[in-house]
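A.B. asks: Below is the file protein-v4.cif, with mmCIF, C-alpha atoms.
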data_structure
loop_
_atom_site.label_atom_id
_atom_site.label_comp_id
_atom_site.auth_asym_id
_atom_site.auth_seq_id
_atom_site.Cartn_x
_atom_site.Cartn_y
_atom_site.Cartn_z
CA MET Y 437 44.86 74.71 2.37
CA ALA Y 438 43.86 76.89 5.28
CA SER Y 439 45.18 75.82 8.67
CA PRO Y 440 43.20 75.73 11.96
CA ARG Y 441 42.07 79.04 13.43
CA LEU Y 442 44.57 80.50 15.88
CA LYS Y 443 42.73 81.34 19.09
CA PHE Y 444 44.04 82.25 22.53
CA LEU Y 445 40.84 81.09 24.26
CA PRO Y 446 38.67 78.04 23.50
CA ARG Y 447 35.49 78.86 21.61
CA HIS Y 448 33.11 77.12 24.03
CA PRO Y 449 31.56 79.56 26.61
CA PHE Y 450 32.20 77.11 29.50
CA TRP Y 451 35.98 77.17 29.01
CA ARG Y 452 35.98 80.93 28.57
CA PHE Y 453 34.20 81.12 31.92
CA VAL Y 454 36.71 78.76 33.57
CA LEU Y 455 39.71 80.72 32.30
CA GLY Y 456 38.09 83.98 33.33
CA ALA Y 457 37.68 82.60 36.86
CA SER Y 458 41.24 81.38 37.25
CA VAL Y 459 43.53 84.04 35.78
CA PRO Y 460 44.19 87.66 36.77
CA ALA Y 461 42.06 90.34 35.17
CA TRP Y 462 45.02 91.95 33.40
CA VAL Y 463 45.86 88.64 31.70
CA VAL Y 464 42.27 88.22 30.54
CA SER Y 465 42.30 91.80 29.25
CA ILE Y 466 45.38 91.13 27.09
CA VAL Y 467 43.89 87.90 25.77
CA LEU Y 468 40.58 89.58 24.96
CA TYR Y 469 42.38 92.34 23.09
CA GLY Y 470 44.03 89.67 20.99
CA GLN Y 471 40.64 88.08 20.38
CA SER Y 472 38.94 91.29 19.26
CA ALA Y 473 41.69 93.20 17.49
CA GLU Y 474 44.08 90.66 16.02
CA SER Y 475 42.67 87.14 16.21
CA GLY Y 476 42.23 85.42 12.88
CA SER Y 477 44.98 87.43 11.19
CA GLU Y 478 46.89 84.19 10.54
CA GLY Y 479 45.85 80.57 10.20
CA TYR Y 480 42.20 80.83 9.22
CA TYR Y 481 39.69 78.24 10.36
CA GLN Y 482 38.77 75.22 8.22
CA PRO Y 483 36.89 72.57 10.20
CA LYS Y 484 36.12 69.06 9.02
CA GLN Y 485 32.39 68.78 8.37
CA PRO Y 486 30.19 65.73 9.07
CA VAL Y 487 29.14 65.65 5.40
CA PRO Y 488 31.57 66.58 2.58
CA HIS Y 489 30.30 69.60 0.67
CA SER Y 490 32.01 71.41 -2.20
CA HIS Y 491 31.02 75.01 -2.84
CA ALA Y 492 33.38 74.85 -5.82
CA GLN Y 493 31.08 72.28 -7.38
CA HIS Y 494 27.71 73.72 -6.34
CA VAL Y 495 28.51 77.40 -6.87
CA GLY Y 496 31.49 77.41 -9.22
CA GLU Y 497 30.52 74.58 -11.56
CA MET Y 498 26.73 74.40 -11.25
CA GLY Y 499 26.21 78.14 -10.80
CA LEU Y 500 23.90 77.99 -7.80
CA ASP Y 501 23.19 81.41 -6.29
CA CYS Y 502 23.91 81.81 -2.57
CA ARG Y 503 20.24 82.58 -1.95
CA TYR Y 504 19.14 79.23 -3.37
CA CYS Y 505 20.53 77.26 -0.43
CA HIS Y 506 20.90 80.04 2.16
CA THR Y 507 17.33 81.20 1.79
CA THR Y 508 17.36 83.50 4.84
CA LEU Y 509 20.60 85.39 4.17
CA GLU Y 510 18.63 88.65 3.84
CA THR Y 511 16.46 88.11 6.92
CA SER Y 512 18.50 86.10 9.43
CA ASN Y 513 21.66 86.50 11.49
CA ARG Y 514 22.52 82.86 10.82
CA PRO Y 515 21.46 82.02 7.26
CA LYS Y 516 22.07 78.30 7.50
CA ALA Y 517 21.17 76.21 4.46
CA THR Y 518 18.27 73.84 5.13
CA ALA Y 519 18.52 70.12 4.45
CA SER Y 520 15.22 70.12 2.56
CA VAL Y 521 16.72 72.33 -0.15
CA CYS Y 522 19.32 69.64 -0.86
CA LEU Y 523 16.59 67.20 -1.85
CA ASN Y 524 15.50 69.48 -4.70
CA CYS Y 525 18.52 68.09 -6.57
CA HIS Y 526 19.43 64.97 -4.61
CA LYS Y 527 16.25 63.09 -5.43
CA VAL Y 528 17.49 59.50 -5.68
CA PRO Y 529 18.78 57.91 -2.44
CA ALA Y 530 20.64 55.28 -4.45
CA ASP Y 531 23.01 57.98 -5.71
CA ASP Y 532 23.92 59.24 -2.20
CA ILE Y 533 27.39 59.07 -0.75
CA PRO Y 534 27.25 57.39 2.70
CA GLU Y 535 27.58 60.67 4.63
CA PHE Y 536 24.64 62.25 2.78
CA THR Y 537 22.29 59.80 4.47
CA ALA Y 538 22.34 62.12 7.51
CA VAL Y 539 21.20 65.08 5.39
CA ARG Y 540 18.37 63.09 3.85
CA ALA Y 541 17.32 61.92 7.30
CA GLU Y 542 17.18 65.51 8.63
CA ALA Y 543 15.16 66.66 5.62
CA THR Y 544 12.57 63.99 6.36
CA GLY Y 545 12.21 64.70 10.07
CA GLY Y 546 15.32 63.03 11.49
CA PRO Y 547 18.05 64.46 13.75
CA GLU Y 548 19.80 67.66 12.73
CA VAL Y 549 23.22 67.37 11.12
CA LYS Y 550 25.84 68.94 13.39
CA TRP Y 551 27.65 71.21 10.95
CA GLU Y 552 30.70 73.06 12.27
CA LYS Y 553 30.23 76.81 11.97
CA VAL Y 554 33.10 78.31 9.97
CA HIS Y 555 32.52 82.04 10.44
CA GLU Y 556 32.09 83.12 14.05
CA VAL Y 557 32.58 86.36 15.95
CA ALA Y 558 33.32 86.70 19.67
CA GLY Y 559 30.45 86.19 22.09
CA TRP Y 560 30.44 89.82 23.19
CA ILE Y 561 29.83 91.02 19.64
CA THR Y 562 26.41 91.55 18.09
CA PHE Y 563 26.56 91.08 14.33
CA ASN Y 564 23.59 91.61 12.04
CA HIS Y 565 24.12 89.50 8.90
CA SER Y 566 20.89 90.52 7.21
CA GLY Y 567 21.61 94.20 7.86
CA HIS Y 568 24.90 93.99 6.01
CA VAL Y 569 23.44 92.13 3.03
CA LYS Y 570 20.51 94.52 2.71
CA ARG Y 571 22.92 97.44 2.59
CA GLY Y 572 24.84 95.86 -0.26
CA VAL Y 573 27.85 94.19 1.37
CA SER Y 574 28.78 91.37 -0.99
CA CYS Y 575 29.06 87.74 0.10
CA GLU Y 576 32.61 87.40 -1.19
CA SER Y 577 33.75 90.45 0.78
CA CYS Y 578 33.42 88.45 4.01
CA HIS Y 579 33.31 84.82 2.90
CA GLY Y 580 35.83 84.96 0.07
CA ARG Y 581 35.56 83.15 -3.24
CA VAL Y 582 33.42 80.29 -2.03
CA ASP Y 583 32.92 79.29 -5.65
CA ARG Y 584 36.52 78.01 -5.53
CA MET Y 585 36.36 76.23 -2.15
CA GLU Y 586 36.28 72.45 -2.10
CA THR Y 587 36.05 72.65 1.68
CA THR Y 588 34.74 75.91 3.13
CA TYR Y 589 37.20 77.92 5.21
CA GLN Y 590 37.36 81.33 6.86
CA ALA Y 591 38.76 83.56 4.13
CA GLU Y 592 38.96 86.83 6.09
CA PRO Y 593 40.24 87.59 9.62
CA LEU Y 594 36.89 88.76 11.06
CA SER Y 595 38.94 90.85 13.50
CA MET Y 596 37.97 94.18 15.00
CA ASP Y 597 40.49 96.04 12.83
CA TRP Y 598 39.12 94.36 9.72
CA CYS Y 599 35.53 95.31 10.57
CA ILE Y 600 36.44 98.91 11.43
CA ASP Y 601 38.40 99.33 8.18
CA CYS Y 602 35.25 98.44 6.26
CA HIS Y 603 33.02 100.69 8.36
CA ARG Y 604 35.40 103.58 7.74
CA ASP Y 605 35.62 102.91 4.01
CA PRO Y 606 32.89 100.54 2.79
CA THR Y 607 32.95 101.60 -0.86
CA PRO Y 608 35.04 98.68 -2.24
CA TYR Y 609 32.57 96.18 -0.78
CA LEU Y 610 29.21 97.68 -1.70
CA ARG Y 611 26.92 96.55 -4.50
CA ARG Y 612 23.31 96.80 -5.52
CA PRO Y 613 21.02 94.17 -3.93
CA ASP Y 614 20.90 92.00 -7.06
CA GLU Y 615 24.71 91.93 -7.21
CA VAL Y 616 25.67 90.91 -3.66
CA THR Y 617 25.91 87.17 -4.37
CA LEU Y 618 27.98 87.43 -7.56
CA MET Y 619 31.45 85.91 -7.34
CA GLY Y 620 34.42 87.64 -8.99
CA PHE Y 621 32.38 90.82 -9.53
CA LYS Y 622 34.16 93.28 -11.83
CA PRO Y 623 31.92 96.24 -12.69
CA PRO Y 624 32.86 98.79 -15.34
CA GLY Y 625 35.08 101.45 -13.76
CA GLY Y 626 36.17 99.19 -10.90
CA VAL Y 627 34.70 98.06 -7.59
CA ARG Y 628 35.52 101.27 -5.72
CA ALA Y 629 33.79 103.55 -8.19
CA HIS Y 630 30.80 101.21 -8.32
CA GLY Y 631 30.69 100.99 -4.52
CA GLN Y 632 30.83 104.77 -4.20
CA MET Y 633 27.84 105.04 -6.52
CA VAL Y 634 25.91 102.52 -4.41
CA LYS Y 635 26.95 104.31 -1.21
CA ASN Y 636 25.57 107.58 -2.54
CA GLU Y 637 22.39 106.03 -3.93
CA ARG Y 638 21.52 104.17 -0.72
CA GLY Y 639 22.88 106.65 1.82
CA ILE Y 640 25.28 104.15 3.39
CA ASP Y 641 27.04 105.63 6.44
CA PRO Y 642 28.22 102.91 8.86
CA ASP Y 643 28.30 103.64 12.58
CA ASN Y 644 31.73 103.35 14.22
CA GLY Y 645 30.67 103.71 17.85
CA CYS Y 646 31.80 100.96 20.26
CA VAL Y 647 28.28 100.15 21.47
CA TYR Y 648 27.16 99.49 17.91
CA CYS Y 649 28.98 96.13 17.90
CA HIS Y 650 29.91 95.50 21.54
CA ARG Y 651 26.52 94.28 22.68
CA PRO Y 652 26.68 90.68 23.92
CA ARG Y 653 24.42 88.00 22.53
CA ALA Y 654 21.94 86.36 24.91
CA GLY Y 655 23.44 83.57 26.99
CA VAL Y 656 27.05 84.35 26.09
CA PRO Y 657 29.56 85.66 28.71
CA THR Y 658 30.59 89.28 28.24
CA ILE Y 659 34.04 90.77 28.72
CA ASP Y 660 32.96 92.12 32.13
CA ASP Y 661 31.67 88.69 33.11
CA LEU Y 662 35.02 87.05 32.34
CA ILE Y 663 37.09 89.67 34.13
CA ALA Y 664 34.81 89.86 37.17
CA LYS Y 665 34.98 86.11 37.71
#
Please go through the file and, once you have read it, give me the structure as structure tokens.
C.D. replies:
Amino acid sequence: MASPRLKFLPRHPFWRFVLGASVPAWVVSIVLYGQSAESGSEGYYQPKQPVPHSHAQHVGEMGLDCRYCHTTLETSNRPKATASVCLNCHKVPADDIPEFTAVRAEATGGPEVKWEKVHEVAGWITFNHSGHVKRGVSCESCHGRVDRMETTYQAEPLSMDWCIDCHRDPTPYLRRPDEVTLMGFKPPGGVRAHGQMVKNERGIDPDNGCVYCHRPRAGVPTIDDLIAK
């Protein structure tokens, strides 16, 4: 199974700030290059979650569409599944595993379950999830075959090189809007030919300029912040 994510800097902004304040700028520059260009290329991230959840069961066996649980995947940058959706199926508390009590509590007004985010990009990157989905980038292109995952893990590197490769040649990853959530998609003629057709139909032409992605999110230290400190 996937091993822990290999990172040169801790993920928490406080520790990034501390390291940025205590090491020479050239060292930080090298580390940040590793973060943006190469990080994630080996040892993808698979955190332990507070409540066991099998996508293999819910998606692979039961056939739930991604949109059923992740209702905002086409409108939000963080399409987190809501606890209330779980209760559509999990109706009887007597059938709950002990950990699911926390989900039921959240759905009925209790404290939020602290899920560990699996897919994360660096703080100085602005990523528009809904924009990618609306343009036809499939779920499995970035998240892998979640319908086979007993425990969700990061299936792709999410590195700068990986993103740029797709922006330069998005055709293998493009689908029509009603196809983006399908797992193991095999269209007649192959995925590249199908993606090229979608690219032409929808006028897909990704921007490759640096400023397109390198816009920091609010409240997160930027590269300049870390080096300056």
A.B. asks: Selected by the PyMOL selection byres ((chain Y and resi 620-632) around 9) in the shown coordinates: which residues, as a PDB file with C-alpha atoms, keeping the file's coordinate frame?
C.D. replies:
ATOM      1  CA  GLY Y 572      24.840  95.860  -0.260  1.00  0.00           C
ATOM      2  CA  GLU Y 576      32.610  87.400  -1.190  1.00  0.00           C
ATOM      3  CA  ARG Y 581      35.560  83.150  -3.240  1.00  0.00           C
ATOM      4  CA  PRO Y 606      32.890 100.540   2.790  1.00  0.00           C
ATOM      5  CA  THR Y 607      32.950 101.600  -0.860  1.00  0.00           C
ATOM      6  CA  PRO Y 608      35.040  98.680  -2.240  1.00  0.00           C
ATOM      7  CA  TYR Y 609      32.570  96.180  -0.780  1.00  0.00           C
ATOM      8  CA  LEU Y 610      29.210  97.680  -1.700  1.00  0.00           C
ATOM      9  CA  ARG Y 611      26.920  96.550  -4.500  1.00  0.00           C
ATOM     10  CA  ARG Y 612      23.310  96.800  -5.520  1.00  0.00           C
ATOM     11  CA  GLU Y 615      24.710  91.930  -7.210  1.00  0.00           C
ATOM     12  CA  VAL Y 616      25.670  90.910  -3.660  1.00  0.00           C
ATOM     13  CA  LEU Y 618      27.980  87.430  -7.560  1.00  0.00           C
ATOM     14  CA  MET Y 619      31.450  85.910  -7.340  1.00  0.00           C
ATOM     15  CA  MET Y 633      27.840 105.040  -6.520  1.00  0.00           C
ATOM     16  CA  VAL Y 634      25.910 102.520  -4.410  1.00  0.00           C
ATOM     17  CA  LYS Y 635      26.950 104.310  -1.210  1.00  0.00           C
ATOM     18  CA  ASN Y 636      25.570 107.580  -2.540  1.00  0.00           C
ATOM     19  CA  GLU Y 637      22.390 106.030  -3.930  1.00  0.00           C
TER      20      GLU Y 637
END
A.B. asks: Could you write out as a PyMOL selection string the residues that the PyMOL selection byres ((chain Y and resi 564) around 12) matches in the shown file?
C.D. replies: chain Y and resi 509-515+557+561-563+565-571+573+648-649+651+653
A.B. asks: Grab the atom CA of Y:Asp605 to atom CA of Y:Gln590 distance for me, in Å with one decimal place.
C.D. replies: 21.8 Å
A.B. asks: Return as a CSV table (one decimal) with C-alpha atoms, keeping the file's coordinate frame the set of residues that the PyMOL selection byres ((chain Y and resi 583) around 6) yields on the displayed structure.
C.D. replies:
chain,number,residue,atom,x,y,z
Y,491,HIS,CA,31.0,75.0,-2.8
Y,492,ALA,CA,33.4,74.8,-5.8
Y,495,VAL,CA,28.5,77.4,-6.9
Y,496,GLY,CA,31.5,77.4,-9.2
Y,581,ARG,CA,35.6,83.2,-3.2
Y,582,VAL,CA,33.4,80.3,-2.0
Y,584,ARG,CA,36.5,78.0,-5.5
Y,585,MET,CA,36.4,76.2,-2.2
A.B. asks: Mind pulling up the distance from atom CA of Y:Gly499 to atom CA of Y:His555?
C.D. replies: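 These two atoms are separated by 22.5 Å.
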A.B. asks: Using only C-alpha atoms, find the one residue out of Y:Trp560, Y:Gly645, Y:Met596, Y:Val521 that sits nearest to Y:Cys505.
C.D. replies: Y:Val521
A.B. asks: So what do you get for atom CA of Y:Glu497 versus atom CA of Y:Glu556, distance-wise?
C.D. replies: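 Computed distance, atom CA of Y:Glu497 to atom CA of Y:Glu556, equals 27.0 Å.
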A.B. asks: With distances taken over only C-alpha atoms, which residue among Y:Ala543, Y:Cys525, Y:Val549, Y:Cys578 lies nearest Y:Cys602?
C.D. replies: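 Smallest separation from Y:Cys602 among the options: Y:Cys578.
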A.B. asks: Have a look at Y:Thr588, Y:Asn644, Y:Ser520, Y:Ser577 and name the one nearest to Y:Gln485; count all atoms listed in the file.
C.D. replies: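 Among the listed residues, Y:Thr588 lies closest to Y:Gln485.
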A.B. asks: Using all atoms listed in the file, which residue out of Y:Cys646, Y:Ala530, Y:Met498, Y:Val539 lies closest to Y:Ala517?
C.D. replies: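 For Y:Ala517, the nearest of the given residues is Y:Val539.
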A.B. asks: Tell me which protein, DNA and RNA residues are within 12 Å of Y:Cys522, counting only C-alpha atoms, leaving out same-chain ones fewer than 3 positions away, and put them as a PDB file with C-alpha atoms, keeping the file's coordinate frame.
C.D. replies:
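Writing done, so here's selection.pdb:
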ATOM      1  CA  HIS Y 489      30.300  69.600   0.670  1.00  0.00           C
ATOM      2  CA  HIS Y 494      27.710  73.720  -6.340  1.00  0.00           C
ATOM      3  CA  LEU Y 500      23.900  77.990  -7.800  1.00  0.00           C
ATOM      4  CA  TYR Y 504      19.140  79.230  -3.370  1.00  0.00           C
ATOM      5  CA  CYS Y 505      20.530  77.260  -0.430  1.00  0.00           C
ATOM      6  CA  HIS Y 506      20.900  80.040   2.160  1.00  0.00           C
ATOM      7  CA  ALA Y 517      21.170  76.210   4.460  1.00  0.00           C
ATOM      8  CA  THR Y 518      18.270  73.840   5.130  1.00  0.00           C
ATOM      9  CA  ALA Y 519      18.520  70.120   4.450  1.00  0.00           C
ATOM     10  CA  CYS Y 525      18.520  68.090  -6.570  1.00  0.00           C
ATOM     11  CA  HIS Y 526      19.430  64.970  -4.610  1.00  0.00           C
ATOM     12  CA  LYS Y 527      16.250  63.090  -5.430  1.00  0.00           C
ATOM     13  CA  VAL Y 528      17.490  59.500  -5.680  1.00  0.00           C
ATOM     14  CA  PRO Y 529      18.780  57.910  -2.440  1.00  0.00           C
ATOM     15  CA  ASP Y 532      23.920  59.240  -2.200  1.00  0.00           C
ATOM     16  CA  PHE Y 536      24.640  62.250   2.780  1.00  0.00           C
ATOM     17  CA  THR Y 537      22.290  59.800   4.470  1.00  0.00           C
ATOM     18  CA  ALA Y 538      22.340  62.120   7.510  1.00  0.00           C
ATOM     19  CA  VAL Y 539      21.200  65.080   5.390  1.00  0.00           C
ATOM     20  CA  ARG Y 540      18.370  63.090   3.850  1.00  0.00           C
ATOM     21  CA  ALA Y 541      17.320  61.920   7.300  1.00  0.00           C
ATOM     22  CA  GLU Y 542      17.180  65.510   8.630  1.00  0.00           C
ATOM     23  CA  ALA Y 543      15.160  66.660   5.620  1.00  0.00           C
ATOM     24  CA  THR Y 544      12.570  63.990   6.360  1.00  0.00           C
TER      25      THR Y 544
END
A.B. asks: Pick the closest to Y:Asp501 from Y:Thr617, Y:His603, Y:Thr587, Y:Gly580: which is it, counting all atoms listed in the file?
C.D. replies: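 Going through Y:Thr617, Y:His603, Y:Thr587, Y:Gly580 one by one, the smallest distance to Y:Asp501 is for Y:Thr617.
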